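Undergrad: Sharing work-v3.txt (compact mmCIF, C-alpha atoms and all ligand atoms) below.
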```
# COMPACT_ATOMS: atom_id res chain seq x y z
CA MET A 129 44.20 22.59 22.12
CA THR A 130 45.86 25.45 24.00
CA ALA A 131 47.63 24.60 27.24
CA GLY A 132 45.18 24.46 30.15
CA ALA A 133 42.05 24.43 27.95
CA GLU A 134 39.31 21.95 28.94
CA PRO A 135 39.31 18.93 26.60
CA GLN A 136 36.21 18.84 24.40
CA GLY A 137 33.73 15.97 24.35
CA GLU A 138 33.59 12.78 26.39
CA ARG A 139 35.97 9.87 26.44
CA LEU A 140 34.91 7.27 23.90
CA GLN A 141 35.15 4.35 26.34
CA LYS A 142 32.86 6.17 28.79
CA VAL A 143 30.29 6.80 26.07
CA LEU A 144 30.46 3.17 24.91
CA ALA A 145 30.08 1.91 28.47
CA ARG A 146 27.00 4.12 28.95
CA ALA A 147 25.55 2.63 25.76
CA GLY A 148 25.81 -0.78 27.43
CA LEU A 149 28.83 -2.26 25.66
CA GLY A 150 30.48 -3.33 28.90
CA SER A 151 32.77 -1.82 31.53
CA ARG A 152 35.07 1.03 30.56
CA ARG A 153 37.92 -1.48 30.57
CA VAL A 154 36.07 -3.73 28.11
CA CYS A 155 35.28 -0.69 25.95
CA GLU A 156 38.92 0.36 25.96
CA GLU A 157 39.78 -3.07 24.63
CA LEU A 158 37.20 -2.71 21.86
CA VAL A 159 38.90 0.54 20.85
CA ALA A 160 42.41 -0.94 21.17
CA ASP A 161 41.36 -3.89 19.00
CA GLY A 162 40.32 -1.52 16.21
CA ARG A 163 36.65 -2.57 16.41
CA VAL A 164 35.31 0.95 16.94
CA THR A 165 34.92 3.73 14.38
CA VAL A 166 34.03 7.39 14.88
CA ASN A 167 32.60 9.15 11.85
CA GLY A 168 33.94 6.37 9.65
CA ALA A 169 37.55 6.38 10.93
CA VAL A 170 38.97 3.69 13.20
CA ALA A 171 39.01 5.12 16.73
CA VAL A 172 42.12 5.41 18.88
CA LEU A 173 42.57 5.03 22.63
CA GLY A 174 41.96 8.27 24.50
CA GLN A 175 39.75 9.70 21.75
CA ARG A 176 36.95 12.04 22.76
CA VAL A 177 33.60 12.26 21.04
CA ASP A 178 30.61 14.55 20.98
CA PRO A 179 27.68 12.20 21.74
CA ARG A 180 25.21 14.59 20.11
CA ALA A 181 27.07 14.82 16.82
CA ASP A 182 29.45 11.92 16.25
CA ALA A 183 28.55 8.59 14.63
CA VAL A 184 30.04 5.55 16.33
CA THR A 185 30.09 1.92 15.20
CA VAL A 186 31.33 -1.26 16.88
CA ASP A 187 32.08 -4.17 14.54
CA GLY A 188 30.41 -2.19 11.77
CA VAL A 189 27.11 -1.82 13.65
CA PRO A 190 25.96 1.71 14.60
CA VAL A 191 25.81 2.38 18.34
CA PRO A 192 23.32 5.10 19.29
CA ILE A 193 25.14 7.39 21.75
CA ALA A 194 23.02 10.56 21.82
CA PRO A 195 22.09 11.10 25.47
CA ASP A 196 18.43 11.94 24.88
CA LEU A 197 17.46 8.78 23.00
CA VAL A 198 14.86 6.58 24.69
CA TYR A 199 13.53 3.14 23.75
CA TYR A 200 10.42 1.58 25.26
CA LEU A 201 9.06 -1.91 24.79
CA LEU A 202 5.28 -1.81 25.19
CA ASN A 203 2.86 -4.72 25.38
CA LYS A 204 0.04 -3.09 23.46
CA PRO A 205 -3.42 -4.16 24.57
CA ALA A 206 -6.27 -4.56 22.10
CA GLY A 207 -8.40 -1.44 21.69
CA VAL A 208 -5.53 1.04 21.39
CA VAL A 209 -4.30 2.73 18.20
CA SER A 210 -0.60 2.86 17.25
CA THR A 211 -0.67 6.39 15.87
CA ALA A 212 0.23 9.42 18.02
CA ALA A 213 -3.26 10.88 17.74
CA ASP A 214 -6.59 9.42 16.69
CA PRO A 215 -9.26 11.51 14.96
CA GLU A 216 -11.89 9.33 16.66
CA GLY A 217 -10.40 10.06 20.09
CA ARG A 218 -9.52 6.43 20.84
CA PRO A 219 -6.65 5.73 23.27
CA THR A 220 -3.22 5.66 21.66
CA VAL A 221 0.00 3.83 22.48
CA VAL A 222 1.77 7.10 23.33
CA ASP A 223 -0.75 7.54 26.18
CA LEU A 224 0.73 4.38 27.73
CA VAL A 225 4.38 5.52 27.96
CA PRO A 226 6.08 8.64 29.43
CA GLY A 227 5.14 11.85 27.62
CA GLU A 228 8.65 13.35 27.58
CA PRO A 229 10.70 13.04 25.51
CA ARG A 230 8.10 12.53 22.83
CA VAL A 231 8.29 9.17 21.11
CA PHE A 232 6.61 7.46 18.18
CA SER A 233 5.84 3.83 17.53
CA VAL A 234 8.08 1.79 15.27
CA GLY A 235 5.63 0.40 12.76
CA ARG A 236 2.07 -0.30 13.75
CA LEU A 237 -0.17 -2.93 15.20
CA ASP A 238 -3.85 -2.94 14.29
CA TYR A 239 -6.34 -1.54 16.78
CA ASP A 240 -7.34 -5.09 17.76
CA THR A 241 -3.83 -6.59 17.71
CA GLU A 242 -1.97 -7.09 20.97
CA GLY A 243 1.67 -7.53 21.78
CA LEU A 244 5.08 -6.01 21.46
CA LEU A 245 5.63 -2.57 20.03
CA ILE A 246 8.74 -0.41 20.28
CA LEU A 247 8.38 3.30 20.90
CA THR A 248 11.40 5.57 20.52
CA ASN A 249 12.66 8.97 19.44
CA ASP A 250 15.48 7.31 17.45
CA GLY A 251 14.44 7.86 13.83
CA GLU A 252 17.35 5.81 12.49
CA LEU A 253 16.33 2.66 14.38
CA ALA A 254 12.69 3.24 13.44
CA HIS A 255 13.63 3.40 9.80
CA ARG A 256 15.76 0.27 9.98
CA LEU A 257 13.11 -1.79 11.75
CA ALA A 258 10.29 -0.67 9.52
CA HIS A 259 12.04 -1.50 6.29
CA PRO A 260 11.74 -5.10 5.07
CA SER A 261 15.09 -4.94 3.28
CA HIS A 262 16.79 -4.95 6.70
CA GLY A 263 15.58 -8.42 7.60
CA VAL A 264 14.27 -7.99 11.15
CA THR A 265 11.78 -10.77 11.70
CA LYS A 266 8.55 -10.42 13.64
CA GLU A 267 6.73 -13.30 15.29
CA TYR A 268 2.98 -13.51 15.83
CA LEU A 269 0.65 -15.91 17.56
CA ALA A 270 -2.67 -16.04 15.74
CA GLU A 271 -5.76 -17.77 17.04
CA VAL A 272 -7.78 -18.63 13.96
CA ASP A 273 -11.08 -20.21 13.06
CA GLY A 274 -10.66 -23.99 12.90
CA ALA A 275 -7.62 -26.26 12.82
CA VAL A 276 -5.39 -25.46 9.84
CA GLY A 277 -4.72 -28.30 7.42
CA ALA A 278 -1.43 -29.18 5.76
CA GLY A 279 -2.35 -27.53 2.45
CA ALA A 280 -3.21 -24.20 4.05
CA LEU A 281 -0.07 -24.32 6.19
CA ARG A 282 2.01 -24.90 3.06
CA ARG A 283 0.39 -21.94 1.32
CA LEU A 284 1.06 -19.69 4.32
CA ARG A 285 4.70 -20.81 4.29
CA ASP A 286 5.30 -20.58 0.55
CA GLY A 287 3.44 -17.33 -0.08
CA VAL A 288 -0.17 -16.27 -0.38
CA GLU A 289 -1.52 -14.17 -3.24
CA LEU A 290 -2.90 -10.93 -1.75
CA THR A 291 -4.24 -7.84 -3.49
CA ASP A 292 -0.83 -6.15 -3.11
CA GLY A 293 1.14 -9.16 -4.35
CA ARG A 294 2.37 -12.52 -3.16
CA THR A 295 3.71 -12.72 0.38
CA ALA A 296 7.34 -13.72 0.92
CA PRO A 297 8.15 -17.15 2.37
CA ALA A 298 7.30 -17.28 6.07
CA THR A 299 7.94 -19.67 8.94
CA VAL A 300 4.59 -21.06 10.11
CA GLY A 301 3.86 -23.65 12.78
CA GLN A 302 0.70 -24.81 14.52
CA PRO A 303 1.58 -25.40 18.20
CA ALA A 304 -2.06 -26.27 18.94
CA PRO A 305 -5.04 -26.78 16.62
CA GLY A 306 -6.22 -23.35 15.46
CA VAL A 307 -3.18 -21.56 16.92
CA LEU A 308 -0.51 -20.44 14.45
CA ARG A 309 2.98 -19.17 15.17
CA ILE A 310 3.95 -17.05 12.18
CA VAL A 311 7.35 -15.44 11.59
CA LEU A 312 7.41 -12.76 8.90
CA HIS A 313 10.21 -10.79 7.25
CA GLU A 314 7.72 -8.32 5.84
CA GLY A 315 5.32 -5.92 7.51
CA ARG A 316 2.49 -5.16 5.17
CA ASN A 317 -0.74 -3.64 6.38
CA ARG A 318 -2.85 -6.28 8.20
CA GLN A 319 -0.64 -8.94 6.69
CA VAL A 320 -1.25 -11.79 9.12
CA ARG A 321 -4.99 -11.23 9.12
CA ARG A 322 -5.12 -11.12 5.32
CA MET A 323 -2.90 -14.19 4.91
CA CYS A 324 -5.01 -16.27 7.28
CA GLU A 325 -8.24 -15.04 5.73
CA ALA A 326 -6.90 -15.94 2.27
CA VAL A 327 -6.41 -19.57 3.30
CA GLY A 328 -9.86 -19.79 4.89
CA HIS A 329 -8.98 -19.30 8.56
CA PRO A 330 -9.91 -15.79 9.74
CA VAL A 331 -7.98 -14.50 12.75
CA ARG A 332 -9.88 -14.24 16.04
CA ARG A 333 -6.98 -12.95 18.14
CA LEU A 334 -3.52 -11.74 17.13
CA VAL A 335 -0.52 -11.15 19.40
CA ARG A 336 2.98 -10.05 18.35
CA THR A 337 5.41 -12.00 20.50
CA ARG A 338 8.84 -11.02 19.13
CA ILE A 339 10.58 -8.22 17.22
CA GLY A 340 13.98 -9.40 16.01
CA THR A 341 15.51 -10.90 19.15
CA VAL A 342 13.36 -8.85 21.53
CA ALA A 343 10.68 -10.80 23.40
CA ASP A 344 9.27 -10.51 26.91
CA PRO A 345 6.55 -12.94 27.99
CA SER A 346 6.50 -11.35 31.47
CA LEU A 347 5.43 -7.91 30.22
CA ARG A 348 1.70 -7.68 30.95
CA PRO A 349 -0.73 -5.99 28.50
CA GLY A 350 -0.55 -2.20 28.86
CA ALA A 351 2.87 -2.32 30.57
CA TRP A 352 6.15 -1.02 29.17
CA ARG A 353 9.81 -1.17 30.10
CA PRO A 354 12.94 0.46 28.70
CA LEU A 355 14.83 -1.63 26.17
CA GLU A 356 18.24 -2.66 27.52
CA GLY A 357 21.38 -1.42 25.75
CA GLY A 358 22.05 -4.95 24.52
CA GLU A 359 18.55 -5.20 23.06
CA VAL A 360 18.96 -1.93 21.18
CA ARG A 361 22.31 -3.09 19.85
CA ALA A 362 20.84 -6.43 18.80
CA LEU A 363 18.12 -4.60 16.86
CA TYR A 364 20.73 -2.44 15.14
CA ALA A 365 22.79 -5.56 14.38
CA ALA A 366 19.81 -7.52 13.04
CA SER A 367 18.82 -4.58 10.87
CA SER A 368 22.36 -4.32 9.49
CA THR A 369 21.93 -7.70 7.78
CA PRO A 370 20.01 -7.63 4.51
CA ALA A 371 16.93 -9.85 4.50
CA PRO A 372 17.19 -13.06 2.48
CA GLY A 373 16.25 -12.07 -1.06
CA ALA A 374 16.33 -8.34 -0.29
CA GLY A 375 17.07 -6.41 -3.46
CA ARG A 376 15.79 -9.29 -5.58
CA ARG A 377 12.15 -8.92 -4.63
CA GLY A 378 12.36 -5.19 -5.21
CA SER A 379 8.99 -4.76 -3.54
CA GLY A 380 9.58 -1.08 -2.73
CA ARG A 381 6.77 -1.53 -0.23
CA GLY A 382 8.64 -0.29 2.81
CA PRO A 383 7.42 2.81 4.56
CA SER A 384 9.26 6.01 3.85
CA ARG A 385 12.07 7.03 6.14
CA PRO A 386 10.96 9.16 9.08
CA ALA A 387 12.94 12.29 9.86
CA ARG A 388 15.54 11.71 12.56
CA GLY A 389 13.75 12.19 15.85
CA GLY A 390 10.49 12.81 14.01
CA ARG A 391 7.22 11.02 14.51
N1 LIG A 401 -0.45 -8.42 10.89
C1 LIG A 401 -1.73 -8.02 11.07
O1 LIG A 401 -2.62 -8.50 10.39
N2 LIG A 401 -2.00 -7.10 12.00
C2 LIG A 401 -1.05 -6.56 12.79
O2 LIG A 401 -1.36 -5.72 13.65
C3 LIG A 401 0.28 -6.98 12.61
C4 LIG A 401 0.55 -7.91 11.65
```
Output the file's structure in the form of C-alpha cells.
TA:
Amino acid sequence: MTAGAEPQGERLQKVLARAGLGSRRVCEELVADGRVTVNGAVAVLGQRVDPRADAVTVDGVPVPIAPDLVYYLLNKPAGVVSTAADPEGRPTVVDLVPGEPRVFSVGRLDYDTEGLLILTNDGELAHRLAHPSHGVTKEYLAEVDGAVGAGALRRLRDGVELTDGRTAPATVGQPAPGVLRIVLHEGRNRQVRRMCEAVGHPVRRLVRTRIGTVADPSLRPGAWRPLEGGEVRALYAASSTPAPGAGRRGSGRGPSRPARGGR
C-alpha cells in the first residue's frame, strides 16, 4: 500500500462481529487464537477482508460474511407451495416473505405439510442442508390414522421398504396415541407420508418442527422471522459433520447443487 492510501476491505474482527460471533474483542481473540482462516490461511490480527469475495471459517466451519445474504425462518401453513412459482397459480412460500432480495426455499414441504422452512439467497447453505450426506436432521410431528403398534414403530425406526429403496434408520416416538415424532436424516420426496402409509397408518396432518437445531414453537403459521447469526452458524456447523453412514449408503439421492445465490 502506498503511503496515505485508504486501506482496502474491512477489519476481520468487525466482519466476524457482524456475523454474530460476539463482540469485536471476542472476535479479536478468535483471530489471535488461530481459530479463524481467510481463504484457507490462518488469519492474523489486523487483517482486512473483502466480505463479498473472501471465504472465512471459524474452527473449520464456514462463516457467511457477504453483506447481502438473508435467512428467513418461515412457519409454512398448509395450502401453500414451496416452489417460487406455481403453474396452477396457488400461493407460494416466497409470497410470505420480503420480495427483495429474492430468496428460495431450502428443500420443500408438500402443499399440505405445515411447519418450518428456511428461505435464503445463500446457495451454499441451501446445498448443505438439502444434501443427506451432511447429516442435518429434520423433525416432524405426524398425526396418523390409529394408534401405532410396537411392530410398526420398529419398522419405521429400522427402515421401511419404499419404491425408491429402504429408508435409513430414524428416531421415532409416539408421544400420544396416533401422534408420531419422527426424526429423519434423509429428505426424500413425501418421505414421512410414504413411510407411515407403508406401515398402515396414513398421515392426516404433518408438521415440521425442527431443522437441525433450529426450532421455534412461538412462530405462528404464515409468520417468518430472520434466522439469528448463531442459528445460521449452527446450521453450517451441523452440515459440516457427515451423517452417520454417509458415504456407505451411497444413495446419490440428494438434490443437485443450486448455483450460488440461485433459486
Ligand atoms: N415428508 C413428507 O411426507 N412431506 C413433507 O412435506 C416433508 C417430509
Undergrad: Of the candidates A:Leu173, A:Val300, A:Ala160, A:Ala212, which one gets nearest to A:Val276 if we count only C-alpha atoms?
TA: A:Val300
Undergrad: List the neighbours of A:Leu284 out to 12 Å using all atoms listed in the file; skip same-chain residues closer than 4 positions along the sequence, and give me the result as a PyMOL selection string.
TA: chain A and resi 276-280+288-290+294-302+308-312+319-329
Undergrad: Could you give me, as CSV, every chain A residue with an atom at most 10 Å from ligand LIG 401 (chain A), plus its closest atom pair and distance in Å to one decimal, counting only C-alpha atoms and all ligand atoms, rows ordered by chain then number?
TA:
```
residue,atom,partner,partner_atom,distance
A:Ala206,CA,A:LIG401,O2,9.8
A:Ser210,CA,A:LIG401,O2,9.3
A:Gly235,CA,A:LIG401,C3,9.1
A:Arg236,CA,A:LIG401,O2,6.4
A:Leu237,CA,A:LIG401,O2,3.4
A:Asp238,CA,A:LIG401,O2,3.8
A:Tyr239,CA,A:LIG401,O2,7.2
A:Asp240,CA,A:LIG401,O2,7.3
A:Thr241,CA,A:LIG401,O2,4.8
A:Glu242,CA,A:LIG401,O2,7.5
A:Gly243,CA,A:LIG401,O2,8.9
A:Leu245,CA,A:LIG401,O2,10.0
A:Lys266,CA,A:LIG401,C4,8.6
A:Glu267,CA,A:LIG401,C4,9.0
A:Tyr268,CA,A:LIG401,C4,7.4
A:Leu269,CA,A:LIG401,C4,9.9
A:Ala270,CA,A:LIG401,O1,9.2
A:Ile310,CA,A:LIG401,C4,9.8
A:Leu312,CA,A:LIG401,C4,8.8
A:Glu314,CA,A:LIG401,C4,9.2
A:Gly315,CA,A:LIG401,C4,6.6
A:Arg316,CA,A:LIG401,N1,7.2
A:Asn317,CA,A:LIG401,C1,6.5
A:Arg318,CA,A:LIG401,O1,3.1
A:Gln319,CA,A:LIG401,O1,4.2
A:Val320,CA,A:LIG401,O1,3.8
A:Arg321,CA,A:LIG401,O1,3.8
A:Arg322,CA,A:LIG401,O1,6.2
A:Met323,CA,A:LIG401,O1,7.9
A:Cys324,CA,A:LIG401,O1,8.7
A:Glu325,CA,A:LIG401,O1,9.8
A:Val331,CA,A:LIG401,O1,8.4
A:Arg333,CA,A:LIG401,N2,9.8
A:Leu334,CA,A:LIG401,N2,7.1
A:Val335,CA,A:LIG401,O2,8.0
A:Arg336,CA,A:LIG401,C3,7.0
```
Undergrad: What would the file look like if the residues just selected were written as a PDB file, in the frame of the given file with C-alpha atoms?
TA:
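Full text of result_37.pdb as output:
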```
ATOM      1  CA  ALA A 206      -6.270  -4.560  22.100  1.00  0.00           C
ATOM      2  CA  SER A 210      -0.600   2.860  17.250  1.00  0.00           C
ATOM      3  CA  GLY A 235       5.630   0.400  12.760  1.00  0.00           C
ATOM      4  CA  ARG A 236       2.070  -0.300  13.750  1.00  0.00           C
ATOM      5  CA  LEU A 237      -0.170  -2.930  15.200  1.00  0.00           C
ATOM      6  CA  ASP A 238      -3.850  -2.940  14.290  1.00  0.00           C
ATOM      7  CA  TYR A 239      -6.340  -1.540  16.780  1.00  0.00           C
ATOM      8  CA  ASP A 240      -7.340  -5.090  17.760  1.00  0.00           C
ATOM      9  CA  THR A 241      -3.830  -6.590  17.710  1.00  0.00           C
ATOM     10  CA  GLU A 242      -1.970  -7.090  20.970  1.00  0.00           C
ATOM     11  CA  GLY A 243       1.670  -7.530  21.780  1.00  0.00           C
ATOM     12  CA  LEU A 245       5.630  -2.570  20.030  1.00  0.00           C
ATOM     13  CA  LYS A 266       8.550 -10.420  13.640  1.00  0.00           C
ATOM     14  CA  GLU A 267       6.730 -13.300  15.290  1.00  0.00           C
ATOM     15  CA  TYR A 268       2.980 -13.510  15.830  1.00  0.00           C
ATOM     16  CA  LEU A 269       0.650 -15.910  17.560  1.00  0.00           C
ATOM     17  CA  ALA A 270      -2.670 -16.040  15.740  1.00  0.00           C
ATOM     18  CA  ILE A 310       3.950 -17.050  12.180  1.00  0.00           C
ATOM     19  CA  LEU A 312       7.410 -12.760   8.900  1.00  0.00           C
ATOM     20  CA  GLU A 314       7.720  -8.320   5.840  1.00  0.00           C
ATOM     21  CA  GLY A 315       5.320  -5.920   7.510  1.00  0.00           C
ATOM     22  CA  ARG A 316       2.490  -5.160   5.170  1.00  0.00           C
ATOM     23  CA  ASN A 317      -0.740  -3.640   6.380  1.00  0.00           C
ATOM     24  CA  ARG A 318      -2.850  -6.280   8.200  1.00  0.00           C
ATOM     25  CA  GLN A 319      -0.640  -8.940   6.690  1.00  0.00           C
ATOM     26  CA  VAL A 320      -1.250 -11.790   9.120  1.00  0.00           C
ATOM     27  CA  ARG A 321      -4.990 -11.230   9.120  1.00  0.00           C
ATOM     28  CA  ARG A 322      -5.120 -11.120   5.320  1.00  0.00           C
ATOM     29  CA  MET A 323      -2.900 -14.190   4.910  1.00  0.00           C
ATOM     30  CA  CYS A 324      -5.010 -16.270   7.280  1.00  0.00           C
ATOM     31  CA  GLU A 325      -8.240 -15.040   5.730  1.00  0.00           C
ATOM     32  CA  VAL A 331      -7.980 -14.500  12.750  1.00  0.00           C
ATOM     33  CA  ARG A 333      -6.980 -12.950  18.140  1.00  0.00           C
ATOM     34  CA  LEU A 334      -3.520 -11.740  17.130  1.00  0.00           C
ATOM     35  CA  VAL A 335      -0.520 -11.150  19.400  1.00  0.00           C
ATOM     36  CA  ARG A 336       2.980 -10.050  18.350  1.00  0.00           C
TER      37      ARG A 336
END
```
Undergrad: So which one's closest to A:Val264, A:Ala362, A:Val221, A:Tyr199, A:Ala304? Using all atoms listed in the file, please.
TA: A:Ala362
Undergrad: Taking (-4.0, 9.0, 20.9) in the file's own coordinates, collect the residues within 12 Å, counting all atoms listed in the file, and hand them back as a list of chain:residue names.
TA: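 Nearby residues: A:Gly207, A:Val208, A:Val209, A:Ser210, A:Thr211, A:Ala212, A:Ala213, A:Asp214, A:Pro215, A:Glu216, A:Gly217, A:Arg218, A:Pro219, A:Thr220, A:Val221, A:Val222, A:Asp223, A:Leu224, A:Val225, A:Gly227, A:Phe232, A:Ser233, A:Tyr239.
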Undergrad: Which residue is closest to A:Leu197? Choose from A:Thr165, A:Gly357, A:Gly293, A:Val154 and count only C-alpha atoms.
TA: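 Nearest to A:Leu197: A:Gly357.
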Undergrad: As an exercise, work out the distance from atom CA of A:Leu253 to atom CA of A:Pro190 in Å and give it to one decimal place.
TA: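 Value for the atom CA of A:Leu253-atom CA of A:Pro190 distance: 9.7 Å.
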Undergrad: What separation in Å, quoted to one decimal, exists between atom CA of A:Ala171 and atom CA of A:Gly148?
TA: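 About the pair atom CA of A:Ala171 and atom CA of A:Gly148: they are 18.0 Å apart.
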Undergrad: Between A:Pro192, A:Gly340, A:Gly274, A:Pro330, single out the one closest to A:Arg180, counting all atoms listed in the file.
TA: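 Distance minimum relative to A:Arg180 lands on A:Pro192.
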Undergrad: Using all atoms listed in the file, find the one residue out of A:Asp187, A:Leu281, A:Gln136, A:Ile246 that sits nearest to A:Glu359.
TA: A:Ile246
Undergrad: In Å to one decimal, how far is atom CA of A:Pro349 from atom CA of A:Arg230?
TA: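 Answer for the atom CA of A:Arg230 to atom CA of A:Pro349 separation: 21.3 Å.
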Undergrad: Neighbouring residues of A:Gly137 were defined as those with any atom within 12 Å, considering only C-alpha atoms; residues of the same chain fewer than 6 positions away were excluded. Please report them as an MDAnalysis selection string.
TA: chainID A and resid 143 174:182
Undergrad: Point out the residue among A:Thr185, A:Ser151, A:Asn249, A:Asn167 with the least atom-to-atom distance to A:Ser368, counting only C-alpha atoms.
TA: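 Ranking A:Thr185, A:Ser151, A:Asn249, A:Asn167 by distance to A:Ser368, first place goes to A:Thr185.
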